[in-house]
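Trainee: If it helps, the file is called data-v8.cif and holds mmCIF, C-alpha atoms:
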```
data_data
loop_
_atom_site.group_PDB
_atom_site.id
_atom_site.type_symbol
_atom_site.label_atom_id
_atom_site.label_comp_id
_atom_site.auth_asym_id
_atom_site.auth_seq_id
_atom_site.Cartn_x
_atom_site.Cartn_y
_atom_site.Cartn_z
ATOM 1 C CA MET A 1 6.377 -17.691 -2.322
ATOM 2 C CA SER A 2 3.335 -15.927 -0.851
ATOM 3 C CA ARG A 3 -0.093 -17.493 -1.299
ATOM 4 C CA SER A 4 -1.681 -14.051 -1.310
ATOM 5 C CA LEU A 5 -1.132 -11.981 -4.458
ATOM 6 C CA ALA A 6 -1.702 -8.827 -2.400
ATOM 7 C CA PHE A 7 0.989 -9.663 0.131
ATOM 8 C CA ALA A 8 3.400 -10.933 -2.516
ATOM 9 C CA THR A 9 3.212 -7.528 -4.174
ATOM 10 C CA ASP A 10 3.321 -5.750 -0.787
ATOM 11 C CA LEU A 11 6.623 -7.489 -0.012
ATOM 12 C CA ALA A 12 8.015 -6.386 -3.371
ATOM 13 C CA LEU A 13 6.939 -2.800 -2.641
ATOM 14 C CA ARG A 14 8.480 -2.707 0.821
ATOM 15 C CA SER A 15 11.716 -4.127 -0.573
ATOM 16 C CA ALA A 16 11.776 -1.533 -3.373
ATOM 17 C CA GLU A 17 11.239 1.218 -0.792
ATOM 18 C CA GLY A 18 14.293 0.107 1.187
ATOM 19 C CA GLY A 19 12.647 -2.257 3.656
ATOM 20 C CA GLU A 20 13.912 -5.636 4.841
ATOM 21 C CA VAL A 21 12.000 -8.858 4.211
ATOM 22 C CA VAL A 22 13.156 -11.888 6.209
ATOM 23 C CA ARG A 23 11.458 -15.217 5.567
ATOM 24 C CA GLY A 24 11.418 -17.620 8.504
ATOM 25 C CA GLN A 25 10.091 -21.125 8.947
ATOM 26 C CA ARG A 26 6.823 -19.992 10.556
ATOM 27 C CA SER A 27 6.447 -16.371 9.440
ATOM 28 C CA THR A 28 7.932 -13.584 7.347
ATOM 29 C CA THR A 29 9.122 -10.395 9.032
ATOM 30 C CA VAL A 30 8.852 -7.104 7.175
ATOM 31 C CA ARG A 31 10.801 -4.211 8.670
ATOM 32 C CA MET A 32 11.336 -0.598 7.664
ATOM 33 C CA ALA A 33 13.805 0.547 10.291
ATOM 34 C CA THR A 34 13.736 4.156 9.063
ATOM 35 C CA ASN A 35 9.960 4.352 9.538
ATOM 36 C CA PRO A 36 9.126 2.431 12.736
ATOM 37 C CA THR A 37 5.563 3.790 13.067
ATOM 38 C CA PHE A 38 4.522 2.428 9.643
ATOM 39 C CA ARG A 39 2.342 -0.521 10.638
ATOM 40 C CA TRP A 40 2.324 -2.159 7.200
ATOM 41 C CA GLY A 41 6.053 -1.608 6.869
ATOM 42 C CA ASN A 42 6.738 -3.384 10.182
ATOM 43 C CA PHE A 43 4.584 -6.468 10.372
ATOM 44 C CA LEU A 44 4.451 -10.231 10.534
ATOM 45 C CA LEU A 45 3.143 -12.222 7.577
ATOM 46 C CA VAL A 46 1.805 -15.579 8.736
ATOM 47 C CA PRO A 47 0.291 -18.536 6.844
ATOM 48 C CA GLU A 48 -2.839 -18.503 9.023
ATOM 49 C CA ALA A 49 -4.242 -16.129 11.623
ATOM 50 C CA GLY A 50 -3.841 -18.573 14.491
ATOM 51 C CA ASP A 51 -4.167 -17.502 18.125
ATOM 52 C CA PRO A 52 -4.167 -13.721 18.733
ATOM 53 C CA ALA A 53 -2.273 -14.018 22.025
ATOM 54 C CA ALA A 54 0.490 -15.987 20.330
ATOM 55 C CA ARG A 55 0.698 -13.480 17.480
ATOM 56 C CA LEU A 56 0.877 -10.601 19.986
ATOM 57 C CA ALA A 57 3.849 -12.283 21.641
ATOM 58 C CA GLU A 58 5.556 -13.000 18.317
ATOM 59 C CA HIS A 59 5.176 -9.406 17.113
ATOM 60 C CA ALA A 60 6.368 -7.997 20.454
ATOM 61 C CA ALA A 61 9.477 -10.187 20.298
ATOM 62 C CA VAL A 62 10.387 -8.861 16.844
ATOM 63 C CA PHE A 63 9.225 -5.251 17.316
ATOM 64 C CA PRO A 64 9.594 -4.489 21.037
ATOM 65 C CA GLY A 65 7.947 -1.238 22.114
ATOM 66 C CA ALA A 66 6.428 -0.655 18.682
ATOM 67 C CA GLY A 67 3.119 0.624 20.039
ATOM 68 C CA PHE A 68 1.153 -1.591 17.683
ATOM 69 C CA THR A 69 0.752 -5.133 16.456
ATOM 70 C CA ALA A 70 0.292 -5.773 12.737
ATOM 71 C CA VAL A 71 -0.287 -9.243 11.302
ATOM 72 C CA GLY A 72 -0.956 -10.112 7.674
ATOM 73 C CA VAL A 73 -2.574 -13.431 6.782
ATOM 74 C CA ASP A 74 -0.922 -14.991 3.743
ATOM 75 C CA ASP A 75 -4.067 -16.625 2.418
ATOM 76 C CA ALA A 76 -6.129 -15.360 -0.508
ATOM 77 C CA HIS A 77 -9.377 -16.524 1.136
ATOM 78 C CA ALA A 78 -8.569 -16.691 4.852
ATOM 79 C CA VAL A 79 -11.025 -18.219 7.310
ATOM 80 C CA PHE A 80 -10.386 -17.771 11.044
ATOM 81 C CA ASP A 81 -12.039 -17.043 14.397
ATOM 82 C CA GLU A 82 -12.779 -13.347 13.914
ATOM 83 C CA GLY A 83 -14.491 -13.122 17.306
ATOM 84 C CA ALA A 84 -11.295 -14.104 19.101
ATOM 85 C CA TRP A 85 -9.334 -11.388 17.295
ATOM 86 C CA LEU A 86 -11.973 -8.751 17.936
ATOM 87 C CA SER A 87 -12.067 -9.718 21.614
ATOM 88 C CA ALA A 88 -8.280 -9.281 21.728
ATOM 89 C CA GLY A 89 -8.688 -5.672 20.585
ATOM 90 C CA PHE A 90 -7.761 -6.092 16.914
ATOM 91 C CA ASP A 91 -9.226 -4.354 13.914
ATOM 92 C CA ILE A 92 -9.912 -6.705 11.006
ATOM 93 C CA GLU A 93 -9.583 -5.353 7.472
ATOM 94 C CA ARG A 94 -10.712 -7.376 4.500
ATOM 95 C CA LEU A 95 -9.532 -5.543 1.394
ATOM 96 C CA ALA A 96 -10.504 -6.300 -2.194
ATOM 97 C CA VAL A 97 -7.654 -7.394 -4.463
ATOM 98 C CA LEU A 98 -8.358 -6.553 -8.099
ATOM 99 C CA THR A 99 -6.461 -7.362 -11.266
ATOM 100 C CA VAL A 100 -6.542 -6.655 -14.970
ATOM 101 C CA ALA A 101 -4.480 -8.294 -17.715
ATOM 102 C CA HIS A 102 -4.994 -5.882 -20.587
ATOM 103 C CA ALA A 103 -4.535 -2.244 -21.487
ATOM 104 C CA VAL A 104 -6.863 0.253 -19.796
ATOM 105 C CA SER A 105 -8.506 3.095 -21.717
ATOM 106 C CA ALA A 106 -9.050 6.553 -20.225
ATOM 107 C CA ALA A 107 -8.668 10.137 -21.360
ATOM 108 C CA ASP A 108 -5.214 11.576 -20.650
ATOM 109 C CA THR A 109 -5.675 14.556 -18.333
ATOM 110 C CA GLY A 110 -2.000 15.545 -18.256
ATOM 111 C CA VAL A 111 -0.167 12.560 -16.745
ATOM 112 C CA ARG A 112 3.620 12.666 -16.413
ATOM 113 C CA PRO A 113 6.238 11.163 -14.076
ATOM 114 C CA LEU A 114 7.097 13.042 -10.897
ATOM 115 C CA ARG A 115 10.567 14.549 -11.315
ATOM 116 C CA SER A 116 11.351 17.550 -9.132
ATOM 117 C CA ASP A 117 11.387 18.218 -5.409
ATOM 118 C CA GLU A 118 8.318 20.380 -6.016
ATOM 119 C CA ASP A 119 6.507 17.448 -7.638
ATOM 120 C CA TRP A 120 7.242 15.218 -4.667
ATOM 121 C CA ALA A 121 6.286 17.925 -2.192
ATOM 122 C CA ALA A 122 2.905 18.060 -3.931
ATOM 123 C CA GLU A 123 2.563 14.289 -3.544
ATOM 124 C CA GLY A 124 3.048 14.680 0.202
ATOM 125 C CA ARG A 125 0.635 17.615 0.423
ATOM 126 C CA ILE A 126 -2.098 15.636 -1.309
ATOM 127 C CA ALA A 127 -1.564 12.715 1.074
ATOM 128 C CA LEU A 128 -1.877 15.032 4.082
ATOM 129 C CA GLU A 129 -4.907 16.778 2.614
ATOM 130 C CA LEU A 130 -6.737 13.469 2.565
ATOM 131 C CA GLU A 131 -6.200 13.004 6.325
ATOM 132 C CA ASP A 132 -8.491 14.474 8.983
ATOM 133 C CA ALA A 133 -6.430 17.091 10.892
ATOM 134 C CA PRO A 134 -3.030 15.342 10.740
ATOM 135 C CA ASP A 135 -0.817 15.925 13.784
ATOM 136 C CA ASP A 136 2.961 16.419 13.811
ATOM 137 C CA ALA A 137 3.591 12.682 14.023
ATOM 138 C CA HIS A 138 1.517 12.042 10.919
ATOM 139 C CA VAL A 139 3.283 14.842 9.052
ATOM 140 C CA ARG A 140 6.630 13.174 9.844
ATOM 141 C CA PHE A 141 5.239 9.804 8.783
ATOM 142 C CA THR A 142 4.024 11.229 5.462
ATOM 143 C CA ARG A 143 7.430 12.760 4.747
ATOM 144 C CA LEU A 144 9.079 9.410 5.404
ATOM 145 C CA ARG A 145 6.634 7.648 3.080
ATOM 146 C CA THR A 146 7.395 10.158 0.331
ATOM 147 C CA ALA A 147 11.136 9.535 0.804
ATOM 148 C CA GLU A 148 10.558 5.781 0.583
ATOM 149 C CA ARG A 149 8.596 6.151 -2.642
ATOM 150 C CA ARG A 150 11.374 8.253 -4.130
ATOM 151 C CA HIS A 151 13.825 5.502 -3.159
ATOM 152 C CA ALA A 152 11.745 2.952 -5.082
ATOM 153 C CA VAL A 153 11.748 5.220 -8.142
ATOM 154 C CA ARG A 154 15.513 5.833 -7.959
ATOM 155 C CA SER A 155 16.093 2.079 -7.733
ATOM 156 C CA GLY A 156 14.294 1.633 -11.057
ATOM 157 C CA ARG A 157 11.638 -0.591 -9.486
ATOM 158 C CA ALA A 158 8.761 1.899 -9.553
ATOM 159 C CA VAL A 159 7.400 4.877 -11.421
ATOM 160 C CA TRP A 160 5.400 7.599 -9.689
ATOM 161 C CA LEU A 161 3.007 9.536 -11.868
ATOM 162 C CA GLY A 162 1.240 12.848 -11.435
ATOM 163 C CA VAL A 163 -1.401 14.921 -13.161
ATOM 164 C CA GLU A 164 -0.311 18.496 -13.734
ATOM 165 C CA THR A 165 -2.974 21.195 -13.899
ATOM 166 C CA GLY A 166 -2.381 24.926 -13.684
ATOM 167 C CA GLY A 167 1.334 24.461 -13.174
ATOM 168 C CA GLY A 168 1.028 22.075 -10.217
ATOM 169 C CA ILE A 169 0.531 18.395 -9.416
ATOM 170 C CA VAL A 170 -3.044 17.657 -8.334
ATOM 171 C CA ALA A 171 -3.164 13.827 -8.424
ATOM 172 C CA THR A 172 -0.586 11.042 -8.063
ATOM 173 C CA ALA A 173 -0.195 7.271 -8.211
ATOM 174 C CA GLY A 174 2.639 4.764 -8.129
ATOM 175 C CA ILE A 175 3.174 1.585 -10.138
ATOM 176 C CA ALA A 176 5.883 -0.861 -9.039
ATOM 177 C CA ASP A 177 7.506 -3.926 -10.573
ATOM 178 C CA ALA A 178 6.583 -6.849 -8.320
ATOM 179 C CA GLY A 179 8.480 -9.406 -10.421
ATOM 180 C CA GLY A 180 7.215 -12.326 -12.459
ATOM 181 C CA GLY A 181 5.353 -10.091 -14.889
ATOM 182 C CA VAL A 182 3.231 -8.545 -12.121
ATOM 183 C CA ALA A 183 2.939 -4.821 -11.339
ATOM 184 C CA ARG A 184 1.275 -3.251 -8.303
ATOM 185 C CA PHE A 185 -0.438 0.110 -8.035
ATOM 186 C CA GLN A 186 0.030 2.149 -4.895
ATOM 187 C CA ASP A 187 -1.736 5.201 -3.447
ATOM 188 C CA VAL A 188 -3.924 6.524 -6.244
ATOM 189 C CA GLN A 189 -4.848 9.923 -4.789
ATOM 190 C CA THR A 190 -6.421 13.158 -6.019
ATOM 191 C CA SER A 191 -6.590 16.529 -4.320
ATOM 192 C CA VAL A 192 -10.135 17.166 -3.093
ATOM 193 C CA ALA A 193 -10.572 20.273 -5.264
ATOM 194 C CA HIS A 194 -9.709 18.316 -8.432
ATOM 195 C CA ARG A 195 -11.817 15.188 -8.081
ATOM 196 C CA ARG A 196 -14.367 13.893 -10.606
ATOM 197 C CA ARG A 197 -12.287 15.121 -13.540
ATOM 198 C CA GLY A 198 -10.934 11.755 -14.696
ATOM 199 C CA HIS A 199 -7.497 12.118 -13.095
ATOM 200 C CA ALA A 200 -7.528 8.777 -11.237
ATOM 201 C CA SER A 201 -8.613 6.921 -14.387
ATOM 202 C CA ALA A 202 -5.886 8.666 -16.388
ATOM 203 C CA LEU A 203 -3.237 7.703 -13.818
ATOM 204 C CA VAL A 204 -4.265 4.047 -13.788
ATOM 205 C CA ALA A 205 -4.422 3.810 -17.588
ATOM 206 C CA ALA A 206 -0.997 5.438 -17.919
ATOM 207 C CA GLY A 207 0.426 3.223 -15.176
ATOM 208 C CA VAL A 208 -0.675 0.047 -16.950
ATOM 209 C CA GLY A 209 0.980 1.208 -20.180
ATOM 210 C CA ILE A 210 4.217 2.253 -18.461
ATOM 211 C CA ALA A 211 4.514 -0.963 -16.446
ATOM 212 C CA ALA A 212 3.908 -3.063 -19.550
ATOM 213 C CA GLY A 213 6.586 -1.168 -21.461
ATOM 214 C CA GLU A 214 9.214 -0.599 -18.776
ATOM 215 C CA PHE A 215 8.802 -3.677 -16.550
ATOM 216 C CA GLY A 216 7.337 -6.165 -19.023
ATOM 217 C CA SER A 217 4.302 -6.548 -16.764
ATOM 218 C CA ALA A 218 1.276 -8.501 -17.969
ATOM 219 C CA LEU A 219 -0.827 -8.530 -14.782
ATOM 220 C CA PHE A 220 -1.711 -5.348 -12.892
ATOM 221 C CA VAL A 221 -2.827 -5.386 -9.256
ATOM 222 C CA LEU A 222 -4.802 -2.910 -7.146
ATOM 223 C CA VAL A 223 -5.927 -3.238 -3.522
ATOM 224 C CA ALA A 224 -8.945 -1.210 -2.391
ATOM 225 C CA GLU A 225 -11.499 -0.900 0.387
ATOM 226 C CA ARG A 226 -14.692 -2.651 -0.627
ATOM 227 C CA GLY A 227 -16.839 0.196 0.651
ATOM 228 C CA GLY A 228 -14.485 2.945 -0.491
ATOM 229 C CA PRO A 229 -15.131 5.484 -3.239
ATOM 230 C CA ALA A 230 -12.481 4.157 -5.644
ATOM 231 C CA ILE A 231 -13.436 0.527 -6.138
ATOM 232 C CA GLY A 232 -16.280 1.305 -8.531
ATOM 233 C CA LEU A 233 -13.921 3.316 -10.724
ATOM 234 C CA TYR A 234 -11.435 0.440 -10.869
ATOM 235 C CA ARG A 235 -14.184 -1.970 -11.845
ATOM 236 C CA ARG A 236 -15.330 0.356 -14.620
ATOM 237 C CA LEU A 237 -11.758 0.344 -15.936
ATOM 238 C CA GLY A 238 -11.894 -3.447 -16.213
ATOM 239 C CA PHE A 239 -10.359 -4.607 -12.933
ATOM 240 C CA ARG A 240 -11.974 -7.677 -11.348
ATOM 241 C CA GLU A 241 -11.771 -8.914 -7.772
ATOM 242 C CA VAL A 242 -9.737 -12.107 -7.408
ATOM 243 C CA GLU A 243 -9.026 -12.445 -3.689
ATOM 244 C CA THR A 244 -9.230 -10.836 -0.255
ATOM 245 C CA GLN A 245 -6.332 -9.378 1.722
ATOM 246 C CA VAL A 246 -6.687 -9.805 5.490
ATOM 247 C CA GLN A 247 -4.885 -7.328 7.759
ATOM 248 C CA LEU A 248 -5.088 -7.632 11.551
ATOM 249 C CA SER A 249 -3.874 -4.680 13.613
ATOM 250 C CA ARG A 250 -4.016 -3.315 17.138
ATOM 251 C CA LEU A 251 -2.701 -0.107 18.654
ATOM 252 C CA ASP A 252 -0.956 -0.364 22.025
ATOM 253 C CA ALA A 253 0.848 2.048 24.313
ATOM 254 C CA PRO A 254 4.633 1.824 23.697
ATOM 255 C CA THR A 255 6.629 0.178 26.464
ATOM 256 C CA GLY A 256 7.246 2.548 29.354
ATOM 257 C CA LEU A 257 4.646 5.103 28.249
ATOM 258 C CA GLY A 258 1.161 5.742 29.512
ATOM 259 C CA ALA A 259 -1.882 5.320 27.314
#
```
Represent the structure of the file as structure tokens.
Mentor:
Amino acid sequence: MSRSLAFATDLALRSAEGGEVVRGQRSTTVRMATNPTFRWGNFLLVPEAGDPAARLAEHAAVFPGAGFTAVGVDDAHAVFDEGAWLSAGFDIERLAVLTVAHAVSAADTGVRPLRSDEDWAAEGRIALELEDAPDDAHVRFTRLRTAERRHAVRSGRAVWLGVETGGGIVATAGIADAGGGVARFQDVQTSVAHRRRGHASALVAAGVGIAAGEFGSALFVLVAERGGPAIGLYRRLGFREVETQVQLSRLDAPTGLGA
């Protein structure tokens, strides 16, 4: 059982998307073999940050030639030597984990489940639109992520919602059953041209209602950047921060390739 609510729900999401979760004595390995460049689909979950050199070696042994190292710390309030990790070339992300345990109110702006290939293509287009000049590799990655989300929906473990305006999907969000009465939101996103119209609020409110009805969920989890544009919206909807998710990652040149 994970000590971090964020990582417990992350593991449920990766499993629903077709990933493999292997729990060992000292760490948990998460692997999405069909999407090897997805850092937070191919990572080590460890009880404490520990020594960066040791974690580099552990990750390399499990994911040889990956081109990156990704380590999650399974502690809701992790304390560790951040200087040592920064000196080893790692980025440190401390994400806010927010929850709500009641219905959320927002105006319905046209929310419905994604159904068709066209709906899902729109989901991918919105994701790419939010990136700064995505290259071919990122386009492939985005297509794989869309396929993984569709897998979670087909398995009955998630619902992906969209807002339809003018005959097309302009905003999307996923809500997944994480087990134990807990549901996790994923990738609340709105096309740039359709922001500030209440679509994100409508998606979250609808997701809470659907997860309560279809999964029997009573606790709803969101993870957000503390300095990002969305966290204020989530707080206005009633979500409150309960813990911090620590992600440690480093990009490296794949084995046999130049930088």
Trainee: Can you tell me, as a PyMOL selection string, what residues are no more than 7 Å from Ala183 in chain A when counting all atoms listed in the file, ignoring any on the same chain fewer than 2 positions away?
Mentor: chain A and resi 175-178+181+185+211+217+219-221
Trainee: Run the PyMOL selection byres ((chain A and resi 148-159) around 8) on the file and write out the hits as a count of residues only.
Mentor: 15
Trainee: Work out how far apart CA of Val104 in chain A and CA of Thr190 in chain A are and give it in Å to one decimal.
Mentor: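 So the two atoms, CA of Val104 in chain A and CA of Thr190 in chain A, lie 18.9 Å apart.
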Trainee: Taking (-0.6, 9.8, -21.2) in the file's coordinates as the center, which residues reach within 8 Å of it, counting only C-alpha atoms, put as a list in words?
Mentor: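 Residues satisfying the cut-off, written out: Asp108, Thr109, Gly110, Val111, Arg112, Ala202, Ala205 and Ala206 of chain A.
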Trainee: For range 226-238 of chain A, find every residue with an atom within 10 Å (counting all atoms listed in the file), except residues of its own chain fewer than 4 positions away, and show them as a PyMOL selection string.
Mentor: chain A and resi 93-106+188-189+198+200-201+204-205+222+244
Trainee: To test your reading of the syntax: which residues would the PyMOL selection byres ((chain A and resi 72) around 6) return for the file shown? Reply as a list in words.
Mentor: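 What the PyMOL selection byres ((chain A and resi 72) around 6) grabs from the file is Leu45, Val71, Val73 and Gln247 of chain A.
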Trainee: Name the residues in contact with Arg14 in chain A at a cut-off of 8 Å, using only C-alpha atoms, excluding same-chain residues fewer than 5 positions from it; report them as a PyMOL selection string.
Mentor: chain A and resi 19-21+30+32+41
Trainee: Which distance in Å separates CA of Val192 in chain A and CA of Ala171 in chain A, to one decimal?
Mentor: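 These atoms are spaced 9.4 Å apart.
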Trainee: Measure the distance from CA of Phe68 in chain A to CA of Arg250 in chain A in Å and round it to one decimal.
Mentor: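 CA of Phe68 in chain A sits 5.5 Å away from CA of Arg250 in chain A.
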Trainee: Of the candidates A:Ala76, A:Arg31, A:Gly166, A:Ser191, which one gets nearest to Val242 in chain A if we count only C-alpha atoms?
Mentor: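 Closest to Val242 in chain A of all the choices is A:Ala76.
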Trainee: Pick the closest to His77 in chain A from A:Gly167, A:Ser4, A:Val223, A:Glu214: which is it, counting all atoms listed in the file?
Mentor: A:Ser4
Trainee: Starting from 8 Å padding per side, set up an axis-aligned box that covers all listed atoms of range 35-41 of chain A and hand over centre and edge lengths in Å, one decimal, as JSON.
Mentor:
```
{"center_x": 6.1, "center_y": 1.1, "center_z": 10.0, "size_x": 23.6, "size_y": 22.5, "size_z": 22.2}
```
Trainee: Which of these, A:Thr172, A:Asn35, A:Thr165, A:Ser249, has the shortest distance to Glu123 in chain A once you count all atoms listed in the file?
Mentor: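 Of the candidates, the smallest distance to Glu123 in chain A is held by A:Thr172.
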